[in-house]
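S.K.: Sending over input-v9.txt (compact mmCIF, C-alpha atoms).
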```txt
# COMPACT_ATOMS: atom_id res chain seq x y z
CA MET A 29 -177.46 117.61 64.71
CA GLU A 30 -173.73 116.87 64.84
CA LYS A 31 -172.71 113.29 64.25
CA ASN A 32 -170.59 111.54 66.82
CA ASN A 33 -167.76 109.85 64.89
CA THR A 34 -166.14 108.38 67.98
CA ARG A 35 -165.42 104.68 67.52
CA ILE A 36 -164.97 102.08 70.18
CA LYS A 37 -161.40 100.89 69.94
CA MET A 38 -161.36 97.12 70.16
CA LYS A 39 -158.19 95.40 71.33
CA GLU A 40 -157.10 92.08 69.90
CA LEU A 41 -156.05 89.74 72.69
CA VAL A 42 -154.88 86.17 72.94
CA PHE A 43 -154.97 83.63 75.72
CA VAL A 44 -153.42 80.21 76.19
CA LEU A 45 -154.92 77.07 77.67
CA SER A 46 -154.08 73.39 77.74
CA LYS A 47 -155.48 71.07 75.06
CA LYS A 48 -156.98 68.95 77.81
CA ASP A 49 -159.26 71.90 78.60
CA LEU A 50 -160.64 72.03 75.07
CA ASN A 51 -164.23 71.38 76.22
CA PHE A 52 -164.30 74.68 78.10
CA LEU A 53 -164.26 76.52 74.76
CA GLU A 54 -167.83 75.36 74.12
CA THR A 55 -169.00 78.38 76.13
CA ILE A 56 -167.59 80.85 73.58
CA ARG A 57 -167.96 78.93 70.30
CA ALA A 58 -170.91 81.05 69.12
CA TYR A 59 -168.93 84.29 68.96
CA ASN A 60 -167.54 85.59 65.67
CA ASN A 61 -163.91 86.59 65.12
CA ILE A 62 -162.48 84.04 67.53
CA LYS A 63 -159.68 81.90 66.14
CA ILE A 64 -157.74 78.95 67.55
CA ALA A 65 -154.25 77.63 66.81
CA GLU A 66 -152.44 74.54 68.03
CA ASP A 67 -148.96 74.75 69.54
CA ASN A 68 -147.75 71.39 70.91
CA ASP A 69 -149.82 70.77 74.08
CA LEU A 70 -151.32 74.25 74.12
CA LEU A 71 -154.18 76.05 72.40
CA TRP A 72 -153.88 79.72 71.52
CA VAL A 73 -157.16 81.63 71.25
CA ARG A 74 -157.28 85.13 69.75
CA TYR A 75 -160.26 87.47 69.97
CA PHE A 76 -161.37 91.09 70.23
CA SER A 77 -162.20 92.43 73.65
CA GLU A 78 -164.77 95.11 74.55
CA ILE A 79 -167.58 92.58 74.18
CA GLU A 80 -168.74 92.50 77.76
CA GLU A 81 -170.54 89.16 77.72
CA LEU A 82 -167.61 87.45 75.95
CA ASP A 83 -165.08 88.96 78.34
CA LYS A 84 -167.01 87.60 81.31
CA LYS A 85 -167.09 84.10 79.84
CA ILE A 86 -163.40 84.16 79.01
CA LYS A 87 -162.51 85.12 82.58
CA LYS A 88 -164.12 81.85 83.73
CA LEU A 89 -161.93 79.70 81.48
CA PRO A 90 -158.86 77.82 82.84
CA ILE A 91 -156.46 80.27 81.17
CA LYS A 92 -152.72 79.81 81.63
CA ASN A 93 -151.66 83.19 80.22
CA ARG A 94 -153.29 86.17 78.55
CA TYR A 95 -151.63 88.67 76.21
CA LYS A 96 -152.35 91.55 73.88
CA LEU A 97 -151.39 91.54 70.19
CA ASP A 98 -150.11 94.14 67.77
CA LYS A 99 -150.62 94.19 63.98
CA LYS A 100 -147.51 92.08 63.42
CA ASP A 101 -148.72 89.34 65.80
CA ASN A 102 -146.19 90.25 68.47
CA ILE A 103 -147.46 89.29 71.92
CA PHE A 104 -147.23 91.55 74.95
CA PRO A 105 -148.02 90.85 78.59
CA ILE A 106 -151.07 92.85 79.64
CA GLU A 107 -150.08 96.43 80.60
CA LYS A 108 -146.52 95.94 79.25
CA ILE A 109 -144.94 97.61 76.20
CA THR A 110 -142.19 95.10 75.43
CA PRO A 111 -143.10 92.05 73.30
CA ILE A 112 -142.07 88.60 74.51
CA GLY A 113 -142.64 86.68 71.30
CA ASN A 114 -144.56 86.34 68.05
CA ILE A 115 -147.26 83.93 66.94
CA LYS A 116 -147.44 84.76 63.23
CA ASN A 117 -146.38 81.23 62.20
CA LEU A 118 -149.28 79.47 63.89
CA GLN A 119 -152.10 78.15 61.71
CA TRP A 120 -155.41 79.69 62.78
CA PHE A 121 -158.93 78.27 62.43
CA PRO A 122 -162.32 79.78 63.26
CA ILE A 123 -163.56 78.48 66.60
CA ASN A 124 -166.77 77.04 65.19
CA GLU A 125 -164.77 75.05 62.61
CA TYR A 126 -162.45 73.76 65.31
CA ILE A 127 -165.17 72.82 67.81
CA ASN A 128 -167.41 71.21 65.19
CA ILE A 129 -164.92 68.48 64.29
CA GLU A 130 -166.58 65.12 64.96
CA ILE A 131 -164.68 61.88 65.38
CA PRO A 132 -166.27 58.42 64.90
CA ASN A 133 -166.44 56.27 68.03
CA SER A 134 -165.52 52.87 66.60
CA LEU A 135 -161.76 52.93 66.15
CA MET A 136 -160.71 49.44 67.26
CA SER A 137 -157.61 47.31 66.88
CA GLY A 138 -156.86 46.31 63.31
CA ILE A 139 -158.15 47.83 60.09
CA ILE A 140 -160.94 50.40 60.38
CA ASN A 141 -163.33 50.12 57.45
CA GLN A 142 -164.65 53.64 57.70
CA LYS A 143 -163.26 57.12 57.12
CA TYR A 144 -163.02 60.17 59.32
CA GLU A 145 -164.99 63.19 58.24
CA THR A 146 -161.71 65.00 57.71
CA LYS A 147 -159.14 63.63 55.31
CA ILE A 148 -155.45 63.80 54.55
CA ILE A 149 -154.33 65.79 51.53
CA LYS A 150 -151.03 66.38 49.73
CA SER A 151 -148.80 68.88 51.52
CA ASN A 152 -145.62 70.74 50.58
CA PHE A 153 -144.63 71.06 54.22
CA TYR A 154 -141.61 68.82 54.88
CA GLN A 155 -141.73 66.40 57.80
CA GLU A 156 -138.93 64.01 58.66
CA SER A 157 -139.97 60.37 58.25
CA SER A 158 -140.24 58.28 61.40
CA ALA A 159 -141.66 54.99 60.10
CA LEU A 160 -141.41 52.73 57.08
CA ILE A 161 -143.74 50.00 55.84
CA THR A 162 -142.14 47.41 53.59
CA ASP A 163 -142.37 43.68 52.81
CA PHE A 164 -140.65 41.12 55.02
CA SER A 165 -138.27 39.77 52.38
CA THR A 166 -136.88 43.25 51.70
CA PHE A 167 -136.50 43.86 55.42
CA ILE A 168 -134.77 40.59 56.34
CA ASN A 169 -132.42 40.79 53.35
CA TYR A 170 -131.27 44.17 54.62
CA ILE A 171 -130.89 42.98 58.24
CA GLU A 172 -128.78 39.99 57.20
CA ILE A 173 -126.12 42.15 55.52
CA ALA A 174 -126.28 45.49 57.38
CA SER A 175 -124.02 46.42 60.26
CA GLU A 176 -125.78 46.10 63.62
CA ILE A 177 -125.19 49.77 64.36
CA ARG A 178 -127.47 50.60 61.42
CA PHE A 179 -130.55 49.04 62.97
CA LYS A 180 -130.07 48.66 66.75
CA HIS A 181 -132.09 51.86 67.39
CA LEU A 182 -135.15 50.57 65.47
CA ILE A 183 -138.31 48.76 66.54
CA PHE A 184 -140.59 46.74 64.27
CA SER A 185 -143.67 44.57 63.99
CA LEU A 186 -144.77 42.05 61.37
CA SER A 187 -148.26 41.14 60.18
CA ASN A 188 -149.55 37.85 58.76
CA ASP A 189 -149.55 39.29 55.24
CA ASN A 190 -145.79 39.91 55.56
CA ARG A 191 -145.95 43.67 55.89
CA VAL A 192 -143.37 45.09 58.25
CA ILE A 193 -143.64 48.45 60.00
CA ILE A 194 -140.32 49.86 61.21
CA ILE A 195 -140.11 52.88 63.53
CA GLY A 196 -137.02 54.89 64.39
CA ASN A 197 -134.52 57.36 63.03
CA PRO A 198 -132.68 57.06 60.77
CA LEU A 199 -134.74 54.50 58.89
CA PRO A 200 -133.08 51.77 56.82
CA PRO A 201 -132.38 52.70 53.17
CA ILE A 202 -134.77 50.18 51.64
CA LYS A 203 -137.86 50.50 49.47
CA GLY A 204 -141.21 51.09 51.15
CA ASN A 205 -143.74 53.72 52.15
CA GLU A 206 -142.53 56.33 54.63
CA TYR A 207 -144.60 58.01 57.35
CA TRP A 208 -144.09 60.92 59.70
CA LEU A 209 -145.25 60.93 63.30
CA LYS A 210 -147.41 63.41 65.18
CA ASN A 211 -149.41 62.79 68.35
CA ASN A 212 -148.79 59.02 67.92
CA ILE A 213 -150.41 59.19 64.47
CA LEU A 214 -148.40 57.94 61.49
CA ILE A 215 -149.17 60.01 58.39
CA PRO A 216 -147.81 59.31 54.88
CA CYS A 217 -144.89 61.59 54.02
CA GLY A 218 -146.00 64.32 51.65
CA TYR A 219 -149.47 64.42 53.23
CA ASN A 220 -151.12 66.12 56.16
CA PHE A 221 -154.60 66.37 57.58
CA GLU A 222 -156.87 68.76 55.71
CA ILE A 223 -157.42 70.33 59.15
CA PRO A 224 -154.02 69.81 60.85
CA ILE A 225 -155.27 70.40 64.39
CA ILE A 226 -157.43 67.29 64.18
CA SER A 227 -154.42 65.05 64.91
CA SER A 228 -154.42 66.04 68.58
CA ILE A 229 -158.18 65.52 68.82
CA ILE A 230 -158.01 62.05 67.26
CA SER A 231 -155.15 61.09 69.55
CA LYS A 232 -156.95 62.35 72.63
CA LYS A 233 -160.18 60.56 71.75
CA GLU A 234 -158.89 57.26 70.38
CA ASN A 235 -155.50 56.79 72.05
CA LEU A 236 -155.87 58.44 75.42
CA GLU A 237 -153.37 56.14 77.14
CA ASN A 238 -150.77 56.63 74.38
CA ASN A 239 -150.34 52.86 74.15
CA ALA A 240 -150.78 52.56 70.38
CA PHE A 241 -149.86 54.08 67.05
CA LEU A 242 -152.67 55.17 64.73
CA LEU A 243 -151.72 54.55 61.11
CA VAL A 244 -153.56 56.52 58.42
CA ASN A 245 -153.28 55.58 54.75
CA ILE A 246 -153.75 57.86 51.75
CA ASN A 247 -157.23 56.38 51.21
CA ASN A 248 -158.14 57.58 54.74
CA VAL A 249 -158.43 54.09 56.22
CA TYR A 250 -157.09 53.96 59.79
CA GLU A 251 -155.36 51.13 61.65
CA LYS A 252 -154.53 50.94 65.33
CA ILE A 253 -151.29 49.17 66.26
CA GLN A 254 -150.58 48.49 69.91
CA LYS A 255 -147.08 49.54 71.00
CA GLU A 256 -146.67 46.27 72.89
CA ASN A 257 -146.57 44.48 69.53
CA PHE A 258 -143.27 46.14 68.62
CA VAL A 259 -139.89 44.63 69.47
CA PRO A 260 -136.31 45.91 69.03
CA VAL A 261 -134.71 45.07 65.70
CA THR A 262 -132.03 42.39 66.01
CA ARG A 263 -131.10 39.65 63.58
CA SER A 264 -132.59 37.00 65.87
CA SER A 265 -135.86 38.92 66.45
CA VAL A 266 -136.34 39.44 62.73
CA ARG A 267 -135.68 35.76 61.94
CA LEU A 268 -138.06 34.59 64.68
CA SER A 269 -140.78 37.03 63.68
CA ASN A 270 -141.30 35.21 60.41
CA ILE A 271 -142.49 32.26 62.48
CA ASN A 272 -144.41 34.19 65.13
CA SER A 273 -146.02 36.92 63.03
CA ILE A 274 -149.33 38.34 64.23
CA ASP A 275 -152.16 40.04 62.40
CA ILE A 276 -151.94 43.51 63.93
CA PHE A 277 -152.11 45.86 60.98
```
Show how you would write the structure in this file as C-alpha cells.
M.R.:
Amino acid sequence: MEKNNTRIKMKELVFVLSKKDLNFLETIRAYNNIKIAEDNDLLWVRYFSEIEELDKKIKKLPIKNRYKLDKKDNIFPIEKITPIGNIKNLQWFPINEYINIEIPNSLMSGIINQKYETKIIKSNFYQESSALITDFSTFINYIEIASEIRFKHLIFSLSNDNRVIIIGNPLPPIKGNEYWLKNNILIPCGYNFEIPIISSIISKKENLENNAFLLVNINNVYEKIQKENFVPVTRSSVRLSNINSIDIF
C-alpha cells in the first residue's frame, strides 16, 4: 500500500483587535500555538489557520484587520502579495499566559500593602524618565535658585512625610529616584514588568477613568495618586505646599 505523504499546508495569520475587546479572546484561549502581542491600544494575535473550529470562532471576534504572515514576520493583506509592514519587534506571549493574568481587586488610594502576582524586574531596555521622587528640602532649594523656565512645565505633589513626586520632561537635575511612565503607571527606571503587557491590564482594571497615577516600587508595593492632587510647579506653589501638604503617597 502506497503511503500518502501529502501534508496539509497551514498558513500563519494575524489579526488585530482593540485592547478593550480583550475579553472576547476567552473563546479561543484553549488553543495551542496562539500568541498575543501588545502594540499601544491594539492587540495582535497570531495563529495557524486550517483548524476549522478555531477559524469559525475567530470570525466571530470584533477584528479590526486580518493579515497573513511570511517567515520574516512581514504582514500582507489577505490575497495580496505586497507586504505593508513587519511585526518582528513585538513581544509575543502564549494566549493562555496572557489570559491567565489575575489582578487583585483592592487597589485603593494610598499605599497598597499587597503585591501583584506579577512583579517588576531589572531591564536593559532604556525608557526616558518622566517622574522623580525626592525630598522636599532638595526640591525647594532647587526651585529657589533655578530659572523659572527650568520648571514651569512641571507638576508636583507633596506628602506628609516630605516626599515630593515631580512629573514632566525634562526633570530637574536633582537627586532622587526616577520613574518612567506607561499606561499611567510609574515604573522605576531600569525596571519593567516581568510580563510587560500587564501594564495595560492593570491600568484598565484599576484606573479605568485615567484620573490617577499608579506608582510601583521595586519591592512591588503599589500606590495610587489622584491626578487632582498635582499642581503646576511655581515658587509660590512649592512654598505653600510645605504648609498644606497631604498624605497621598
S.K.: Using only C-alpha atoms, which of the listed residues (A:Tyr59, A:Phe76, A:Phe104, A:Phe258) sits closest to A:Leu182?
M.R.: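 Of the candidates, the smallest distance to A:Leu182 is held by A:Phe258.
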S.K.: What does the distance from atom CA of A:Leu243 to atom CA of A:Ser151 come to in Å, to one decimal?
M.R.: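 Between atom CA of A:Leu243 and atom CA of A:Ser151 the gap is 17.5 Å.
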S.K.: Dig up all the protein and nucleic acid residues within 10 Å of (-143.3, 60.3, 67.4) in the file frame, using all atoms listed in the file, and format them as a PyMOL selection string.
M.R.: chain A and resi 157-159+195-196+208-214+241
S.K.: How many Å lie between atom CA of A:Ser264 and atom CA of A:Leu199, rounded to one decimal?
M.R.: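 Separation between atom CA of A:Ser264 and atom CA of A:Leu199: 19.0 Å.
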S.K.: Could you tell me how far atom CA of A:Gln155 lies from atom CA of A:Val261, in Å and to one decimal?
M.R.: 23.8 Å
S.K.: Closest to A:Asp69 among A:Lys39, A:Lys232, A:Lys85, A:Arg191, using only C-alpha atoms?
M.R.: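 Smallest separation from A:Asp69 among the options: A:Lys232.
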